[in-house]
Amino acid sequence: MAGQTGHNQLGGVSYLMPAEGKVVEQSEDFTLIKTGPASLTIVVSKLLSEPVALEDKVAVTFYKLRRFDGTAADGSDDSSVDGIRTVMLTGAETRFPVTWEGRYLGINERYAASYTVIQNPYLRDMITQMERETVDGGLRHTVNVLVDAGATNLMFTDPVEEESATTPPGMSLQISSSKFTGKVFAGYDRGADTYFIDLTAGRRGG
């Protein structure tokens, strides 16, 4: 259905590859693009960034999950290891570059040695929730909102559990987007048992 994120038979979100071709049919709801002699791509018309007409030659790019370093979360941008490249065809996820005992990193396991080790259980819970909570009808997770907002300088406040009430566990990062530019701190208030966000606006470049 239009307005809903498509899932494949394995339950994963279907992130489509870029497509080029000719517009062969169009309506207010869908635009049909012929990409080859026997291949077609259907796009929801309202998602097109520019208006198109029949017979127009177009190039369409689709949303792609990315890591904090800008590389594709499915591993398609990764270099080969011993001549082998690993790419996830379904179930690709963006993970914070952190690790702890028992944490599943999937395709990112090869980078585990360079990831920050997190000890605080409340910080671990917050990170896990941000990786799992969906937005945009399931197209993205909360972590992807940060990545798409240009998050940089990711740092973690990771106190021992006994000091969580006096030193709120959390993460800080720099954001540069059309809606906000500056420092963001997302933390956990142990006393109130709630999450909070502090924003410190920065100066936009002239």
# chains A, B, ... in the order shown; residues from 1 in each chain; ligands from 1
$ residues_around --residues "Val160 in chain A" --least-positions-apart "4" --cutoff "7 Å" --atoms "only C-alpha atoms" --output "mmCIF file with N, CA and C atoms, in the first residue's frame"
data_model
loop_
_atom_site.group_PDB
_atom_site.id
_atom_site.type_symbol
_atom_site.label_atom_id
_atom_site.label_comp_id
_atom_site.auth_asym_id
_atom_site.auth_seq_id
_atom_site.Cartn_x
_atom_site.Cartn_y
_atom_site.Cartn_z
ATOM 1 N N GLN A 119 29.689 -0.181 29.516
ATOM 2 C CA GLN A 119 29.465 -0.994 30.704
ATOM 3 C C GLN A 119 28.142 -0.694 31.397
ATOM 4 N N ASN A 120 27.658 0.560 31.325
ATOM 5 C CA ASN A 120 26.466 0.946 32.077
ATOM 6 C C ASN A 120 25.217 0.273 31.500
ATOM 7 N N SER A 164 24.964 6.097 38.419
ATOM 8 C CA SER A 164 24.035 6.528 37.372
ATOM 9 C C SER A 164 23.138 7.678 37.803
#
$ residues_around --residues "Gly70 in chain A" --least-positions-apart "6" --cutoff "10 Å" --atoms "only C-alpha atoms" --output "ChimeraX atom specification"
/A:77,147-148,150-151
$ residues_around --residues "range 105-113 of chain A" --least-positions-apart "5" --cutoff "10 Å" --atoms "only C-alpha atoms" --output "MDAnalysis selection string"
chainID A and resid 67 73:75 81 86:88 91:100
$ write_last_selection --atoms "N, CA and C atoms" --output "CSV table (one decimal), in the first residue's frame"
chain,number,residue,atom,x,y,z
A,67,ARG,N,25.8,3.8,8.1
A,67,ARG,CA,26.4,3.9,9.4
A,67,ARG,C,26.8,5.3,9.7
A,73,ALA,N,25.0,0.5,5.5
A,73,ALA,CA,24.8,-0.5,6.6
A,73,ALA,C,24.8,-1.9,6.1
A,74,ASP,N,24.5,-2.1,4.8
A,74,ASP,CA,24.4,-3.5,4.3
A,74,ASP,C,25.8,-4.1,3.9
A,75,GLY,N,26.8,-3.2,4.1
A,75,GLY,CA,28.2,-3.7,3.7
A,75,GLY,C,28.6,-3.5,2.3
A,81,VAL,N,37.7,-8.7,2.3
A,81,VAL,CA,38.6,-9.2,3.3
A,81,VAL,C,39.1,-10.6,2.7
A,86,THR,N,31.2,-9.3,2.0
A,86,THR,CA,29.9,-9.7,2.6
A,86,THR,C,28.9,-8.6,2.5
A,87,VAL,N,27.8,-8.9,1.9
A,87,VAL,CA,26.7,-7.9,1.7
A,87,VAL,C,25.4,-8.5,2.2
A,88,MET,N,24.7,-7.8,3.1
A,88,MET,CA,23.4,-8.3,3.6
A,88,MET,C,22.3,-7.9,2.6
A,91,GLY,N,17.6,-7.5,6.1
A,91,GLY,CA,17.8,-7.3,7.5
A,91,GLY,C,19.0,-6.4,7.9
A,92,ALA,N,19.4,-5.6,6.9
A,92,ALA,CA,20.5,-4.6,7.3
A,92,ALA,C,20.0,-3.7,8.3
A,93,GLU,N,20.9,-3.4,9.3
A,93,GLU,CA,20.5,-2.5,10.4
A,93,GLU,C,21.7,-1.5,10.7
A,94,THR,N,21.4,-0.3,11.1
A,94,THR,CA,22.4,0.6,11.5
A,94,THR,C,22.7,0.4,13.0
A,95,ARG,N,23.9,0.2,13.4
A,95,ARG,CA,24.3,0.0,14.8
A,95,ARG,C,25.2,1.2,15.3
A,96,PHE,N,25.0,1.5,16.5
A,96,PHE,CA,25.9,2.4,17.1
A,96,PHE,C,27.3,1.7,17.2
A,97,PRO,N,28.4,2.5,17.0
A,97,PRO,CA,29.7,1.8,17.0
A,97,PRO,C,30.2,1.5,18.5
A,98,VAL,N,29.4,0.7,19.1
A,98,VAL,CA,29.7,0.3,20.5
A,98,VAL,C,29.5,-1.2,20.6
A,99,THR,N,30.1,-1.8,21.7
A,99,THR,CA,30.0,-3.2,21.9
A,99,THR,C,30.0,-3.5,23.4
A,100,TRP,N,29.5,-4.7,23.8
A,100,TRP,CA,29.6,-5.2,25.1
A,100,TRP,C,29.4,-6.7,25.0
$ closest_residue --among "A:Ser172, A:Asn144, A:Thr31, A:Asn153" --to "Asp56 in chain A" --atoms "only C-alpha atoms"
A:Thr31
$ select_by_dssp --residues "chain A" --states "helix (DSSP H, G or I)" --output "CSV table (one decimal) with C-alpha atoms, in the first residue's frame"
chain,number,residue,atom,x,y,z
A,45,SER,CA,4.5,9.4,-7.3
A,46,LYS,CA,4.4,11.7,-4.3
A,47,LEU,CA,7.9,10.5,-3.3
A,106,GLY,CA,25.9,-8.7,12.6
A,107,ILE,CA,27.8,-7.6,9.6
A,108,ASN,CA,29.7,-5.0,11.8
A,109,GLU,CA,31.4,-7.7,13.8
A,110,ARG,CA,34.6,-7.2,11.8
A,111,TYR,CA,34.9,-3.7,13.4
A,112,ALA,CA,34.2,-4.7,17.0
A,113,ALA,CA,37.8,-4.2,18.1
A,114,SER,CA,37.6,-0.5,17.2
A,121,PRO,CA,23.3,-1.2,31.8
A,122,TYR,CA,21.0,1.9,31.4
A,123,LEU,CA,23.1,3.2,28.6
A,124,ARG,CA,23.1,-0.2,26.9
A,125,ASP,CA,19.2,-0.2,27.2
A,126,MET,CA,19.0,3.2,25.7
A,127,ILE,CA,21.3,2.3,22.8
A,128,THR,CA,19.3,-0.9,22.1
A,129,GLN,CA,16.0,1.0,22.1
A,130,MET,CA,17.3,3.6,19.7
A,131,GLU,CA,18.4,0.9,17.3
A,132,ARG,CA,15.0,-0.9,17.5
A,136,ASP,CA,8.5,6.6,9.1
A,137,GLY,CA,6.4,3.5,9.0
A,138,GLY,CA,9.3,1.2,9.7
A,142,THR,CA,15.7,6.2,15.7
A,143,VAL,CA,19.5,5.7,15.2
A,144,ASN,CA,19.0,6.4,11.5
A,145,VAL,CA,17.4,9.8,12.3
A,146,LEU,CA,20.7,10.8,13.9
A,147,VAL,CA,22.8,9.5,11.0
A,148,ASP,CA,20.6,11.3,8.5
A,161,GLU,CA,25.9,1.6,37.5
A,162,GLU,CA,26.1,2.8,41.1
A,163,GLU,CA,26.9,6.4,39.9
$ atom_distance --atom1 "CA of Glu20 in chain A" --atom2 "CA of Leu48 in chain A"
13.6 Å
$ closest_residue --among "A:Thr35, A:Ser27, A:Ala72, A:Tyr63" --to "Pro51 in chain A" --atoms "only C-alpha atoms"
A:Ser27
$ residues_around --residues "Ile197 in chain A" --least-positions-apart "6" --cutoff "12 Å" --atoms "only C-alpha atoms" --output "VMD selection string"
chain A and resid 168 to 173 183 to 189
$ decode --residues "range 12-147 of chain A" --atoms "C-alpha atoms" --output "compact mmCIF listing (two decimals), in the first residue's frame"
# COMPACT_ATOMS: atom_id res chain seq x y z
CA GLY A 12 13.03 -7.43 6.31
CA VAL A 13 12.51 -3.97 4.89
CA SER A 14 13.03 -3.91 1.13
CA TYR A 15 15.56 -1.19 0.29
CA LEU A 16 15.58 -0.86 -3.49
CA MET A 17 18.65 -0.37 -5.66
CA PRO A 18 19.03 2.79 -7.80
CA ALA A 19 17.17 2.59 -11.11
CA GLU A 20 17.41 4.34 -14.47
CA GLY A 21 14.91 4.15 -17.30
CA LYS A 22 11.99 5.69 -19.13
CA VAL A 23 8.62 6.67 -17.65
CA VAL A 24 6.02 4.47 -19.38
CA GLU A 25 2.98 5.07 -17.20
CA GLN A 26 2.00 7.60 -14.56
CA SER A 27 -0.85 8.43 -12.23
CA GLU A 28 -1.32 10.46 -9.06
CA ASP A 29 -0.48 7.32 -7.09
CA PHE A 30 2.25 5.50 -8.98
CA THR A 31 4.90 6.09 -11.63
CA LEU A 32 6.06 3.12 -13.70
CA ILE A 33 9.65 3.19 -14.99
CA LYS A 34 10.91 0.72 -17.59
CA THR A 35 14.48 -0.10 -16.62
CA GLY A 36 15.15 -2.89 -19.10
CA PRO A 37 13.58 -5.10 -21.79
CA ALA A 38 11.77 -7.15 -19.14
CA SER A 39 12.17 -5.11 -15.95
CA LEU A 40 10.12 -2.33 -14.36
CA THR A 41 10.32 -0.20 -11.23
CA ILE A 42 7.22 1.20 -9.52
CA VAL A 43 7.59 4.39 -7.50
CA VAL A 44 5.02 6.18 -5.35
CA SER A 45 4.51 9.42 -7.29
CA LYS A 46 4.38 11.69 -4.25
CA LEU A 47 7.88 10.53 -3.27
CA LEU A 48 9.46 11.86 -6.46
CA SER A 49 11.58 14.94 -5.81
CA GLU A 50 10.69 16.45 -9.21
CA PRO A 51 7.68 16.12 -11.53
CA VAL A 52 8.09 13.74 -14.47
CA ALA A 53 6.13 13.04 -17.66
CA LEU A 54 5.65 10.07 -19.98
CA GLU A 55 8.74 9.20 -22.03
CA ASP A 56 11.03 11.12 -19.65
CA LYS A 57 14.35 9.42 -18.97
CA VAL A 58 14.90 9.41 -15.22
CA ALA A 59 17.35 8.20 -12.58
CA VAL A 60 15.80 7.23 -9.27
CA THR A 61 17.63 6.68 -6.00
CA PHE A 62 16.03 5.17 -2.91
CA TYR A 63 16.64 5.53 0.82
CA LYS A 64 19.62 3.53 2.04
CA LEU A 65 20.58 2.74 5.62
CA ARG A 66 23.99 4.10 6.53
CA ARG A 67 26.41 3.87 9.42
CA PHE A 68 27.79 6.85 11.33
CA ASP A 69 30.84 6.90 9.05
CA GLY A 70 28.60 7.29 6.01
CA THR A 71 29.11 3.80 4.60
CA ALA A 72 26.15 1.60 3.65
CA ALA A 73 24.82 -0.47 6.56
CA ASP A 74 24.40 -3.51 4.32
CA GLY A 75 28.15 -3.69 3.74
CA SER A 76 27.99 -2.85 0.04
CA ASP A 77 30.58 -0.08 0.50
CA ASP A 78 32.97 -2.26 2.52
CA SER A 79 36.27 -3.43 1.08
CA SER A 80 36.88 -7.14 0.63
CA VAL A 81 38.65 -9.25 3.26
CA ASP A 82 40.87 -11.99 1.84
CA GLY A 83 39.13 -11.48 -1.47
CA ILE A 84 35.64 -11.92 0.00
CA ARG A 85 32.96 -9.24 0.31
CA THR A 86 29.93 -9.71 2.55
CA VAL A 87 26.70 -7.88 1.73
CA MET A 88 23.40 -8.28 3.59
CA LEU A 89 20.53 -8.74 1.14
CA THR A 90 17.89 -8.38 3.87
CA GLY A 91 17.82 -7.33 7.50
CA ALA A 92 20.51 -4.64 7.26
CA GLU A 93 20.54 -2.45 10.38
CA THR A 94 22.41 0.61 11.54
CA ARG A 95 24.26 0.02 14.79
CA PHE A 96 25.94 2.45 17.14
CA PRO A 97 29.72 1.81 17.04
CA VAL A 98 29.68 0.27 20.51
CA THR A 99 30.00 -3.20 21.93
CA TRP A 100 29.58 -5.20 25.13
CA GLU A 101 29.54 -8.86 26.07
CA GLY A 102 26.79 -10.72 24.22
CA ARG A 103 25.95 -7.83 21.89
CA TYR A 104 25.06 -8.94 18.36
CA LEU A 105 26.74 -6.76 15.75
CA GLY A 106 25.89 -8.74 12.63
CA ILE A 107 27.85 -7.57 9.62
CA ASN A 108 29.65 -5.02 11.82
CA GLU A 109 31.39 -7.74 13.85
CA ARG A 110 34.57 -7.19 11.82
CA TYR A 111 34.86 -3.70 13.36
CA ALA A 112 34.19 -4.73 16.97
CA ALA A 113 37.80 -4.18 18.09
CA SER A 114 37.56 -0.47 17.24
CA TYR A 115 34.15 0.07 18.87
CA THR A 116 33.63 1.71 22.27
CA VAL A 117 32.98 -0.78 25.07
CA ILE A 118 29.87 0.19 27.11
CA GLN A 119 29.47 -0.99 30.70
CA ASN A 120 26.47 0.95 32.08
CA PRO A 121 23.27 -1.17 31.81
CA TYR A 122 21.00 1.88 31.42
CA LEU A 123 23.12 3.23 28.59
CA ARG A 124 23.05 -0.19 26.94
CA ASP A 125 19.24 -0.22 27.19
CA MET A 126 18.98 3.25 25.66
CA ILE A 127 21.28 2.33 22.77
CA THR A 128 19.32 -0.87 22.11
CA GLN A 129 15.99 0.98 22.10
CA MET A 130 17.29 3.62 19.69
CA GLU A 131 18.41 0.86 17.34
CA ARG A 132 15.04 -0.92 17.51
CA GLU A 133 12.38 1.83 17.71
CA THR A 134 11.03 2.53 14.23
CA VAL A 135 9.95 5.78 12.56
CA ASP A 136 8.55 6.61 9.11
CA GLY A 137 6.35 3.52 9.03
CA GLY A 138 9.29 1.22 9.69
CA LEU A 139 11.62 2.61 7.02
CA ARG A 140 14.09 3.91 9.61
CA HIS A 141 14.98 3.47 13.25
CA THR A 142 15.74 6.25 15.74
CA VAL A 143 19.47 5.72 15.22
CA ASN A 144 19.00 6.45 11.50
CA VAL A 145 17.43 9.82 12.30
CA LEU A 146 20.72 10.78 13.93
CA VAL A 147 22.80 9.46 11.05
